[in-house]
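Okay, coords.txt now, which holds compact mmCIF, C-alpha atoms:
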```
# COMPACT_ATOMS: atom_id res chain seq x y z
CA GLU A 15 -5.00 21.50 21.19
CA LEU A 16 -2.06 21.26 23.63
CA VAL A 17 0.33 22.94 21.18
CA ALA A 18 -2.20 25.60 20.11
CA ASN A 19 -2.97 26.59 23.70
CA HIS A 20 0.73 26.76 24.49
CA MET A 21 1.41 29.03 21.49
CA VAL A 22 -1.36 31.45 22.49
CA ASN A 23 -0.23 31.51 26.12
CA VAL A 24 3.39 32.24 25.14
CA ALA A 25 2.20 35.09 22.89
CA ILE A 26 0.16 36.63 25.73
CA VAL A 27 3.09 36.46 28.14
CA ALA A 28 5.54 37.85 25.55
CA LEU A 29 3.27 40.79 24.70
CA THR A 30 2.74 41.57 28.37
CA MET A 31 6.48 41.71 28.89
CA GLY A 32 6.87 43.83 25.76
CA LEU A 33 4.28 46.33 26.96
CA ARG A 34 6.00 46.55 30.33
CA ALA A 35 9.32 47.11 28.56
CA GLY A 36 7.83 50.02 26.60
CA LEU A 37 8.13 48.52 23.12
CA GLY A 38 6.47 50.39 20.27
CA ARG A 39 3.61 49.06 18.15
CA ALA A 40 5.79 47.67 15.36
CA ALA A 41 8.07 45.86 17.78
CA LEU A 42 5.08 44.45 19.66
CA VAL A 43 3.61 43.09 16.42
CA GLN A 44 6.88 41.33 15.62
CA LEU A 45 7.21 40.01 19.15
CA GLY A 46 3.65 38.74 19.22
CA MET A 47 3.94 37.00 15.85
CA ALA A 48 7.24 35.37 16.79
CA ALA A 49 5.81 34.12 20.09
CA LEU A 50 2.61 32.88 18.45
CA LEU A 51 4.43 30.98 15.72
CA HIS A 52 7.41 29.70 17.71
CA GLU A 53 6.01 26.15 17.93
CA LEU A 54 4.35 26.10 14.50
CA GLY A 55 6.50 23.19 13.39
CA MET A 56 4.94 20.99 16.08
CA VAL A 57 1.39 21.39 14.77
CA ASP A 58 1.72 18.47 12.32
CA LEU A 59 3.70 16.21 14.66
CA PRO A 60 1.97 12.95 15.65
CA GLU A 61 0.31 13.21 19.04
CA GLN A 62 2.52 10.47 20.47
CA LEU A 63 5.56 12.67 19.85
CA VAL A 64 3.98 15.84 21.24
CA LYS A 65 3.02 14.00 24.42
CA ARG A 66 6.06 11.73 24.68
CA VAL A 67 6.77 10.76 28.26
CA ASP A 68 10.22 9.19 28.05
CA ALA A 69 11.93 12.61 28.25
CA LEU A 70 9.75 14.12 30.99
CA GLY A 71 12.33 13.70 33.73
CA ASP A 72 15.45 14.30 31.65
CA ASN A 73 16.03 17.88 32.81
CA GLU A 74 15.83 16.96 36.49
CA ARG A 75 18.24 14.06 36.03
CA ALA A 76 20.64 16.22 34.01
CA VAL A 77 20.81 18.80 36.81
CA LEU A 78 21.78 16.15 39.36
CA ASP A 79 24.13 14.29 37.03
CA ARG A 80 26.05 17.41 35.98
CA LEU A 81 26.56 19.27 39.22
CA PRO A 82 29.65 21.52 39.04
CA LYS A 83 32.82 20.25 40.67
CA ASP A 84 35.05 23.32 40.52
CA GLY A 85 35.03 26.84 41.95
CA VAL A 86 32.44 28.31 44.28
CA ALA A 87 29.64 26.40 42.55
CA GLY A 88 31.53 23.18 43.07
CA ARG A 89 31.97 23.86 46.77
CA VAL A 90 28.24 24.54 47.11
CA ALA A 91 27.36 21.38 45.16
CA ALA A 92 29.66 19.33 47.39
CA ARG A 93 27.50 20.23 50.38
CA LEU A 94 24.33 18.86 48.80
CA ASP A 95 22.93 15.65 50.24
CA LEU A 96 21.72 13.77 47.17
CA ARG A 97 20.16 11.17 49.42
CA LYS A 98 17.48 13.74 50.28
CA VAL A 99 16.32 15.19 46.97
CA GLY A 100 12.93 16.87 46.76
CA ALA A 101 11.53 17.69 43.31
CA ALA A 102 8.90 20.30 42.49
CA GLY A 103 7.48 21.95 39.41
CA HIS A 104 4.65 24.13 38.12
CA SER A 105 2.33 23.18 35.26
CA MET A 106 4.14 20.74 32.93
CA GLY A 107 7.10 21.00 35.29
CA GLY A 108 4.89 19.43 37.94
CA VAL A 109 3.94 16.60 35.58
CA ALA A 110 7.64 16.09 34.81
CA THR A 111 8.31 15.97 38.55
CA GLY A 112 5.92 13.05 38.91
CA GLN A 113 7.68 11.15 36.14
CA PHE A 114 11.10 11.97 37.59
CA CYS A 115 10.12 10.60 41.00
CA VAL A 116 9.04 7.34 39.38
CA GLU A 117 12.24 6.92 37.38
CA ASP A 118 14.97 8.28 39.65
CA ARG A 119 15.62 6.77 43.08
CA ARG A 120 17.21 10.00 44.26
CA CYS A 121 13.76 11.60 44.48
CA LYS A 122 12.53 11.31 48.05
CA ALA A 123 9.46 13.57 47.72
CA GLY A 124 7.60 15.23 44.85
CA LEU A 125 5.35 18.27 44.53
CA ASN A 126 3.18 19.42 41.61
CA LEU A 127 1.85 22.98 41.42
CA ASP A 128 -1.32 22.71 39.32
CA GLY A 129 0.11 20.59 36.51
CA ILE A 130 -2.86 18.70 35.07
CA PRO A 131 -3.27 15.93 34.07
CA GLN A 132 -0.50 13.65 35.25
CA TYR A 133 0.55 11.24 32.52
CA GLY A 134 3.50 9.01 31.82
CA THR A 135 4.42 5.73 33.50
CA MET A 136 3.49 7.15 36.90
CA ILE A 137 -0.09 6.27 36.01
CA ASP A 138 0.57 2.58 36.71
CA THR A 139 3.93 2.54 38.50
CA PRO A 140 3.86 2.61 42.32
CA ARG A 141 6.77 4.38 43.99
CA SER A 142 7.56 4.48 47.70
CA VAL A 143 7.86 8.28 47.98
CA PRO A 144 5.31 10.89 49.13
CA PHE A 145 3.68 13.33 46.73
CA LEU A 146 1.76 16.58 47.09
CA MET A 147 -0.57 18.11 44.50
CA VAL A 148 -1.71 21.74 44.62
CA TYR A 149 -4.91 22.48 42.70
CA SER A 150 -5.99 25.96 41.69
CA SER A 151 -9.67 26.90 41.35
CA ARG A 152 -9.77 26.31 37.60
CA PRO A 153 -13.17 24.82 36.66
CA ALA A 154 -13.37 21.03 36.29
CA ARG A 155 -9.71 20.53 37.19
CA ALA A 156 -9.73 19.81 40.93
CA GLY A 157 -8.97 16.19 41.69
CA ALA A 158 -8.07 15.35 38.09
CA SER A 159 -4.94 13.40 39.04
CA ASP A 160 -5.97 12.10 42.46
CA LEU A 161 -6.35 8.49 41.36
CA VAL A 162 -2.85 8.47 39.86
CA TYR A 163 -1.17 9.89 42.94
CA ARG A 164 -3.16 7.80 45.40
CA ARG A 165 -1.94 4.67 43.63
CA ALA A 166 1.61 5.75 42.84
CA ALA A 167 2.71 7.62 45.98
CA SER A 168 3.43 6.16 49.39
CA LYS A 169 1.54 9.11 50.89
CA TYR A 170 -0.54 11.66 49.00
CA TYR A 171 -1.42 15.18 50.13
CA ARG A 172 -3.98 17.21 48.18
CA VAL A 173 -4.02 21.00 48.62
CA ASP A 174 -6.81 23.14 47.11
CA VAL A 175 -6.31 26.91 47.00
CA ALA A 176 -9.45 29.01 46.59
CA GLY A 177 -9.48 32.13 44.44
CA THR A 178 -6.56 31.11 42.23
CA GLN A 179 -5.90 30.36 38.59
CA HIS A 180 -3.06 28.41 37.01
CA VAL A 181 -0.43 31.17 36.92
CA ASP A 182 -1.12 32.42 40.45
CA PHE A 183 1.55 30.02 41.68
CA THR A 184 4.21 32.00 39.79
CA ASP A 185 5.40 35.62 39.99
CA MET A 186 3.45 36.43 36.82
CA ASN A 187 0.47 37.51 38.92
CA TYR A 188 2.42 40.60 39.98
CA TRP A 189 2.46 41.84 36.38
CA GLY A 190 -1.25 42.58 35.98
CA GLY A 191 -2.05 44.32 32.70
CA PRO A 192 -3.52 42.31 29.81
CA LEU A 193 -3.14 39.00 31.60
CA ARG A 194 -5.36 40.18 34.44
CA GLU A 195 -7.83 41.69 31.99
CA ARG A 196 -8.10 38.32 30.24
CA GLY A 197 -8.89 36.55 33.50
CA ALA A 198 -5.56 34.75 33.79
CA PHE A 199 -5.43 35.39 37.55
CA GLY A 200 -7.80 34.55 40.37
CA GLU A 201 -9.24 36.78 43.07
CA MET A 202 -6.41 36.06 45.49
CA THR A 203 -3.90 38.90 45.78
CA PRO A 204 -0.38 38.29 44.44
CA ALA A 205 1.12 38.68 47.91
CA ARG A 206 -1.25 36.10 49.39
CA ALA A 207 -0.69 33.67 46.52
CA ALA A 208 3.07 33.95 47.02
CA GLU A 209 2.67 33.38 50.77
CA VAL A 210 0.55 30.26 50.23
CA THR A 211 2.92 28.86 47.60
CA ARG A 212 6.02 29.46 49.71
CA THR A 213 4.44 27.98 52.83
CA VAL A 214 3.15 24.84 51.15
CA VAL A 215 6.44 24.12 49.38
CA ARG A 216 8.67 24.93 52.35
CA GLU A 217 6.65 23.03 54.95
CA TYR A 218 6.05 19.98 52.75
CA PHE A 219 9.71 19.43 51.95
CA GLY A 220 10.69 20.36 55.49
CA GLN A 221 8.44 17.59 56.72
CA GLU A 222 9.15 14.88 54.16
CA ILE A 223 12.87 15.55 53.62
CA LEU A 224 14.03 17.02 56.95
CA GLY A 225 11.53 15.45 59.34
CA ARG A 226 10.06 18.75 60.56
CA LYS A 227 6.33 18.47 61.20
CA SER A 228 4.31 20.84 59.03
CA PRO A 229 1.78 22.98 60.92
CA LEU A 230 -0.23 23.45 57.72
CA LEU A 231 -0.28 19.82 56.58
CA SER A 232 -0.98 18.55 60.09
CA GLY A 233 -3.96 20.87 60.54
CA GLN A 234 -2.35 22.95 63.28
CA THR A 235 -2.43 25.99 60.96
CA LYS A 236 -5.85 26.57 59.40
CA TRP A 237 -6.47 28.94 56.51
CA THR A 238 -9.92 29.60 55.11
CA ASP A 239 -8.61 29.81 51.54
CA VAL A 240 -6.52 26.62 51.67
CA THR A 241 -7.83 23.08 52.11
CA VAL A 242 -5.42 20.28 52.96
CA ALA A 243 -6.26 16.59 52.81
CA LEU A 244 -4.19 13.43 53.27
CA LEU A 245 -5.99 11.02 50.95
CA PRO A 246 -5.93 7.27 51.60
CA LYS A 247 -3.74 5.14 49.37
CA LEU A 248 -5.31 3.00 46.66
CA GLU A 249 -3.65 -0.37 46.32
CA LYS A 250 -5.05 -1.11 42.86
```
What would you get if you wrote out this structure as C-alpha cells?
Amino acid sequence: ELVANHMVNVAIVALTMGLRAGLGRAALVQLGMAALLHELGMVDLPEQLVKRVDALGDNERAVLDRLPKDGVAGRVAARLDLRKVGAAGHSMGGVATGQFCVEDRRCKAGLNLDGIPQYGTMIDTPRSVPFLMVYSSRPARAGASDLVYRRAASKYYRVDVAGTQHVDFTDMNYWGGPLRERGAFGEMTPARAAEVTRTVVREYFGQEILGRKSPLLSGQTKWTDVTVALLPKLEK
C-alpha cells in the first residue's frame, strides 16, 4: 500500500507539472506512465525492505559529513556551528528526521512536518533532544505519533494546523489545478499555509537552538487556526 500510494502521488504531481509546462497529450501520457511505473520494481519487495529503518538518517548524516572545504561553499561551511544542528523534514523526511536525531549526536532539535507514522528505533530509544510535530487536518491522523515523541524526546511540542492537508506545508499548494480538484489541499490559503510553516519552523529552532523565546510556542502569539501544546513526557 505504501508503494502504491507513492506511485499514484508521484504521477499526479508529474502530470500537474506537465500541464503547467504546456505539454501536449502524447507527452503527458508518457510522463504519467513513467511516473506511475517508476517504482514498479518495489512492488514485490518484502515489506521489511520497503520499510527499512537503518537508512532513514543516512542523507542527513551524509550532508554533515561531506560539507565542502574549498571555494565559496567551503568558506560558508566553515562558519557553520555543528554543535547546534537542527533537523527538519516533511512527510517521510520528517520521519527520517526523527531517526536521525536518535542516531546522530549532532542533532540538537528535530521537527516533523506531518510525517506519519513515526517508525524506526525512535519508537523505543529515548534521546535528550526536543522535538516538534506538526499535524495537518487529515482525518484520523492527528496525534498518531504522540506516544513515540513523548517517550523519545526531552521535550515535545505538538502543533495542529486547521484547514490543511499533507502537501499544504510545501509550495505545491500554489500550483492549484488537478491537485486542488482532487482535494489534495485544505481550505487554508497558500499564503497563510506558508506563513504558518515559516513561523513554526523559524521560531522553534530559534528557541531550541539559539535560545530565543518563541512567541507562538509560549502562547504569547495566539492564532485561531493553529493549536500549540507542550505535552508531558512519558517515562515508559
The residues within 8 Å of (-8.3, 33.0, 42.8), using only C-alpha atoms and the coordinates of the file, should be reported as a list in words; which are they? Ser150, Ser151, Val175, Ala176, Gly177, Thr178, Gln179, Asp182, Phe199, Gly200, Glu201, Met202 and Thr203 of chain A
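Comparing A:Ala49, A:Gln221, A:Asp185, A:Leu231 by their smallest distance to Ala18 (chain A), the closest is A:Ala49 (using only C-alpha atoms).
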Pro229 (chain A) surroundings by only C-alpha atoms, 12 Å radius, close-in-sequence under 3 positions cut, as a ChimeraX atom specification: /A:213-214,216-218,220-221,226,232-237,242
Please measure the separation of CA of Thr135 (chain A) and CA of Phe114 (chain A), giving the value in Å to one decimal.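 Spanning CA of Thr135 (chain A) to CA of Phe114 (chain A) is a straight-line distance of 10.0 Å.
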re CA of Val77 (chain A) and CA of Arg120 (chain A): distance 12.1 Å
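For the atom pair formed by CA of Leu230 (chain A) and CA of Ser105 (chain A), the distance is 22.6 Å, given to one decimal.
The environment of region 27-36 of chain A within 10 Å, counting all atoms listed in the file and disregarding residues fewer than 6 places along the same chain, consists of Leu42, Val43, Gln44, Leu45, Gly46, Met47, Ala48, Ala49, Leu50, Met186, Trp189, Gly190, Gly191, Pro192 and Leu193 of chain A.
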Nearest to Asn187 (chain A), chosen from A:Lys247, A:Lys227, A:Arg152, A:Arg206, with only C-alpha atoms counted in the distances: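 Of A:Lys247, A:Lys227, A:Arg152, A:Arg206, the one nearest Asn187 (chain A) is A:Arg206, counting only C-alpha atoms.
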